[in-house]
Amino acid sequence: MSFLYTWLFRLALPLILLRLWWRGRRQPAYRRRWRERCGRVPARASRAPLIWIHSVSVGETLAAGPVIEALAARHSDWQWLVTTTTPTGSERVQSALRPLLGGRLLHYYLPYDLPECLNPFLDALRPRALVIIETELWPNLLAACARRAIPTLLANARLSEKSARGYARLPRLSGAMLANLTRVVAQYPADAERFVALGLPAERVVACGNIKFDLHIDRGLASEAQALEHQWQGAAGRPRPIWLAASTHAGEEELVLDALAELKRAHPQLADLLLVLVPRHPERFDSVARLCRERGLKVLRRSDGGQPQLSHQVLLGDSMGELLRFYGACDVAFVGGSLVPVGGHNMIEPAAWGVPVVCGPHLHNFATVAQLLREAGGPSIVEDAPQLAAQLAQWLGDESARRSAGARAREVAAANSGALQRLLQEIETLML
């Protein structure tokens with residue numbers, strides 16, 4: 001089965017490269033650094049222990065940040081290799097990890113899952129161990145590491161029922177791939193059980209919780225968020241309500257803007273409501289800005305700088321690395337990828353700020369987190385734009401209810417912290 005997989009991948013490679021070139025029309029970074037994707041990187045001269053962290057894109061890189069920061073402080077002799085697959089993830093590595101690690105950091109795109117790409121990459125860099133953030137499994141990558149006796153750990157691993165069913169359709173390939181994993185540190189027991197059901201030996205998996213609950217909001221970040229809130233509220237006679245719609249996907253912005261129109265129509269006291277709209281993918285910033293203008297809305301883009309005026313109904317969050325700060329500056333938050341069947345995005349960040357959260361029904365990527373929050377009274381789940389508008393109107397019209405919902409969410413975030421330290425111990429065992 002692995003032989004067939006490899007040859008199908010080789011046959012598909014021209015189409016994959018064509019897709020990269022095509023995506024480069026809107027995001028030119030996709031047309032650069034193709035040699036890295038084929039495994040051609042300079043040989044590493046240092047003999048220091050090299051720990052390899054693979055984080056697919058921005059979300060995984062953000063999750064990896066506290067792990068890397070803690071381990072780097074403990075092990076000053078380690079070098080770090082961080083790979084991503086997207087330009088946005090690459091930008092996040094450079095902006096967040098380069099200042100932390102300096103000359104100890106190597107960063108490349110992950111090579112394609114083919115022996116002719118992986119072998120030169122591994123030969124050039126000689127990592128001591130590989131840590132994969134969340135669930136990014138590649139059969140040839142894990143097999144190549146196993147042949148070189150490079151231990152592999154899947155960190156903060158989650159496996160939804162939908163994903164498990166997909167792996168189960170290819171039992172021989174999935175079983176061989178999981179057999180090459182040294183350790184799986186799953187988020188929750190349900191995730192661990194699904195890995196075992198697919199063939200992972202039970203002694204190789206442990207459930208430690210979700211490291212994203214170990215989010216630390218320091219005084220500096222809190223001050224930045226407060227300053228941003230004051231800037232957005234402007235010089236109005238009363239505080240301007242702020243609604244953040246975060247990590248939205250195609251098809252969701254229309255629903256968000258429908259809800260905005262309904263809020264302004266049915267609730268005159270919310271006429272000066274500011275919507276901070278942050279699309280998930282940077283290549284969609286321009287199209288979302290056009291959509292807002294087509295609706296007759298006045299839009300200010302974050303990248304243009306300046307302060308929103310009362311005439312601006314929408315602030316388009318087209319900058320990178322600011323979403324956590326945005327959550328601290330808003331009154332209520334909608335977390336996207338949930339009104340369309342994407343599976344939802346990270347609800348823990350607004351919860352940690354004590355911001356009440358509303359989502360759509362598609363939450364399979366964060367099912368356990370959503371359940372924990374629901375058991376405490378949030379997030380509020382809505383099916384469409386009218387329900388979204390109704391929930392936001394309730395919270396924005398009742399400060400006591402809004403603060404109570406936010407406080408319950410913050411309690412859940414605090415009660416479920418602690419996974420980070422357990423994960424650090426697992427990684428150190430792998431490296432030492």
# chains A, B, ... in the order shown; residues from 1 in each chain; ligands from 1
$ residues_around --residues "segment 171-178 of chain A" --least-positions-apart "6" --cutoff "6 Å" --atoms "only C-alpha atoms" --output "list in words"
Met1, Pro139, Gly199 and Leu200 of chain A
$ residues_around --residues "segment 305-310 of chain A" --least-positions-apart "5" --cutoff "7 Å" --atoms "only C-alpha atoms" --output "list of chain:residue names"
A:Gln231, A:Trp232, A:Gly234, A:Asp272, A:Leu300
$ write_last_selection --atoms "N, CA, C and O atoms" --output "PDB file, in the first residue's frame"
ATOM      1  N   GLN A 231      -8.723  52.871  21.188  1.00  0.00           N
ATOM      2  CA  GLN A 231      -8.589  53.415  19.840  1.00  0.00           C
ATOM      3  C   GLN A 231      -9.835  53.117  19.009  1.00  0.00           C
ATOM      4  O   GLN A 231     -10.340  53.983  18.288  1.00  0.00           O
ATOM      5  N   TRP A 232     -10.321  51.910  19.103  1.00  0.00           N
ATOM      6  CA  TRP A 232     -11.482  51.516  18.305  1.00  0.00           C
ATOM      7  C   TRP A 232     -12.761  52.211  18.778  1.00  0.00           C
ATOM      8  O   TRP A 232     -13.638  52.521  17.983  1.00  0.00           O
ATOM      9  N   GLY A 234     -12.953  55.149  19.989  1.00  0.00           N
ATOM     10  CA  GLY A 234     -12.915  56.522  19.526  1.00  0.00           C
ATOM     11  C   GLY A 234     -13.367  57.502  20.583  1.00  0.00           C
ATOM     12  O   GLY A 234     -13.369  57.231  21.784  1.00  0.00           O
ATOM     13  N   ASP A 272     -23.995  52.346  16.183  1.00  0.00           N
ATOM     14  CA  ASP A 272     -22.574  52.647  16.022  1.00  0.00           C
ATOM     15  C   ASP A 272     -21.688  51.419  16.272  1.00  0.00           C
ATOM     16  O   ASP A 272     -20.476  51.542  16.469  1.00  0.00           O
ATOM     17  N   LEU A 300     -12.502  50.225   6.936  1.00  0.00           N
ATOM     18  CA  LEU A 300     -11.123  50.634   7.174  1.00  0.00           C
ATOM     19  C   LEU A 300     -10.292  49.359   7.302  1.00  0.00           C
ATOM     20  O   LEU A 300     -10.651  48.454   8.048  1.00  0.00           O
TER      21      LEU A 300
END
$ residues_around --residues "segment 23-32 of chain A" --least-positions-apart "2" --cutoff "7 Å" --atoms "only C-alpha atoms" --output "tab-separated table (two decimals) with N, CA, C and O atoms, in the first residue's frame"
chain	number	residue	atom	x	y	z
A	19	ARG	N	-0.63	23.82	-8.71
A	19	ARG	CA	-1.53	24.47	-7.75
A	19	ARG	C	-0.78	25.53	-6.95
A	19	ARG	O	-1.32	26.61	-6.67
A	20	LEU	N	0.46	25.25	-6.55
A	20	LEU	CA	1.26	26.26	-5.86
A	20	LEU	C	1.42	27.52	-6.72
A	20	LEU	O	1.27	28.65	-6.25
A	21	TRP	N	1.76	27.29	-7.99
A	21	TRP	CA	1.94	28.42	-8.90
A	21	TRP	C	0.64	29.20	-9.04
A	21	TRP	O	0.64	30.43	-9.06
A	34	TRP	N	10.71	26.76	-3.67
A	34	TRP	CA	10.28	25.43	-4.06
A	34	TRP	C	11.36	24.38	-3.79
A	34	TRP	O	11.05	23.20	-3.58
A	87	PRO	N	2.95	29.86	3.56
A	87	PRO	CA	3.67	31.13	3.76
A	87	PRO	C	3.25	31.87	5.02
A	87	PRO	O	4.08	32.50	5.67
A	283	GLU	N	-5.12	35.51	1.54
A	283	GLU	CA	-5.40	35.71	0.12
A	283	GLU	C	-6.85	36.15	-0.12
A	283	GLU	O	-7.19	36.55	-1.23
$ select_by_dssp --residues "segment 123-316 of chain A" --states "alpha helix (DSSP H)" --output "PyMOL selection string"
chain A and resi 123-125+139-147+161-168+171-179+189-197+219-233+252-266+285-294
$ closest_residue --among "A:Ala250, A:Met431, A:Ala333, A:Arg10" --to "Gln79 of chain A" --atoms "only C-alpha atoms"
A:Met431
$ residues_around --residues "Leu228 of chain A" --least-positions-apart "4" --cutoff "10 Å" --atoms "only C-alpha atoms" --output "ChimeraX atom specification"
/A:222-224,232-234,307,325-326,328-330
$ closest_residue --among "A:Glu411, A:Glu254, A:Asp318, A:Asp214" --to "Glu294 of chain A" --atoms "only C-alpha atoms"
A:Glu254
$ residues_around --residues "segment 370-378 of chain A" --least-positions-apart "6" --cutoff "8 Å" --atoms "only C-alpha atoms" --output "list in words"
Met347, Pro356, Val357, Val358, Leu363, Ala405, Arg408, Ala409 and Val412 of chain A
$ write_last_selection --atoms "N, CA and C atoms" --output "tab-separated table (two decimals), in the first residue's frame"
chain	number	residue	atom	x	y	z
A	347	MET	N	-11.54	28.36	20.20
A	347	MET	CA	-12.42	29.14	21.09
A	347	MET	C	-11.75	29.46	22.41
A	356	PRO	N	-17.35	36.55	25.88
A	356	PRO	CA	-18.36	35.56	25.50
A	356	PRO	C	-18.26	35.19	24.03
A	357	VAL	N	-18.45	33.91	23.74
A	357	VAL	CA	-18.19	33.36	22.41
A	357	VAL	C	-19.48	32.83	21.80
A	358	VAL	N	-19.67	33.12	20.52
A	358	VAL	CA	-20.76	32.54	19.76
A	358	VAL	C	-20.17	31.83	18.55
A	363	LEU	N	-18.42	22.17	14.73
A	363	LEU	CA	-17.34	22.32	15.70
A	363	LEU	C	-16.55	21.03	15.92
A	405	ALA	N	-21.31	35.52	31.11
A	405	ALA	CA	-20.93	34.51	30.12
A	405	ALA	C	-19.42	34.49	29.91
A	408	ARG	N	-17.63	32.80	32.93
A	408	ARG	CA	-17.74	31.33	32.91
A	408	ARG	C	-16.76	30.75	31.92
A	409	ALA	N	-16.61	31.40	30.78
A	409	ALA	CA	-15.66	30.92	29.78
A	409	ALA	C	-14.23	30.99	30.31
A	412	VAL	N	-13.44	28.10	32.65
A	412	VAL	CA	-13.16	26.85	31.93
A	412	VAL	C	-11.71	26.84	31.44
$ residues_around --residues "segment 244-246 of chain A" --least-positions-apart "5" --cutoff "12 Å" --atoms "only C-alpha atoms" --output "PyMOL selection string"
chain A and resi 229+232+252-257+259-260+273-281+314-318+322-339+344-347+349-350+355-360+388+392
$ select_by_dssp --residues "segment 60-299 of chain A" --states "strand (DSSP E or B)" --output "JSON, numbers by chain"
{"A": [79, 80, 81, 82, 83, 84, 105, 106, 107, 108, 109, 129, 130, 131, 132, 133, 152, 153, 154, 155, 156, 157, 183, 184, 185, 186, 205, 206, 207, 242, 243, 244, 245, 246, 247, 248, 274, 275, 276, 277, 278, 279, 299]}
$ closest_residue --among "A:Leu114, A:Ala413, A:Ala197, A:Cys38" --to "Arg165 of chain A" --atoms "only C-alpha atoms"
A:Ala197
$ closest_residue --among "A:Thr152, A:Asn140, A:Val41, A:Glu262" --to "Leu4 of chain A" --atoms "only C-alpha atoms"
A:Asn140
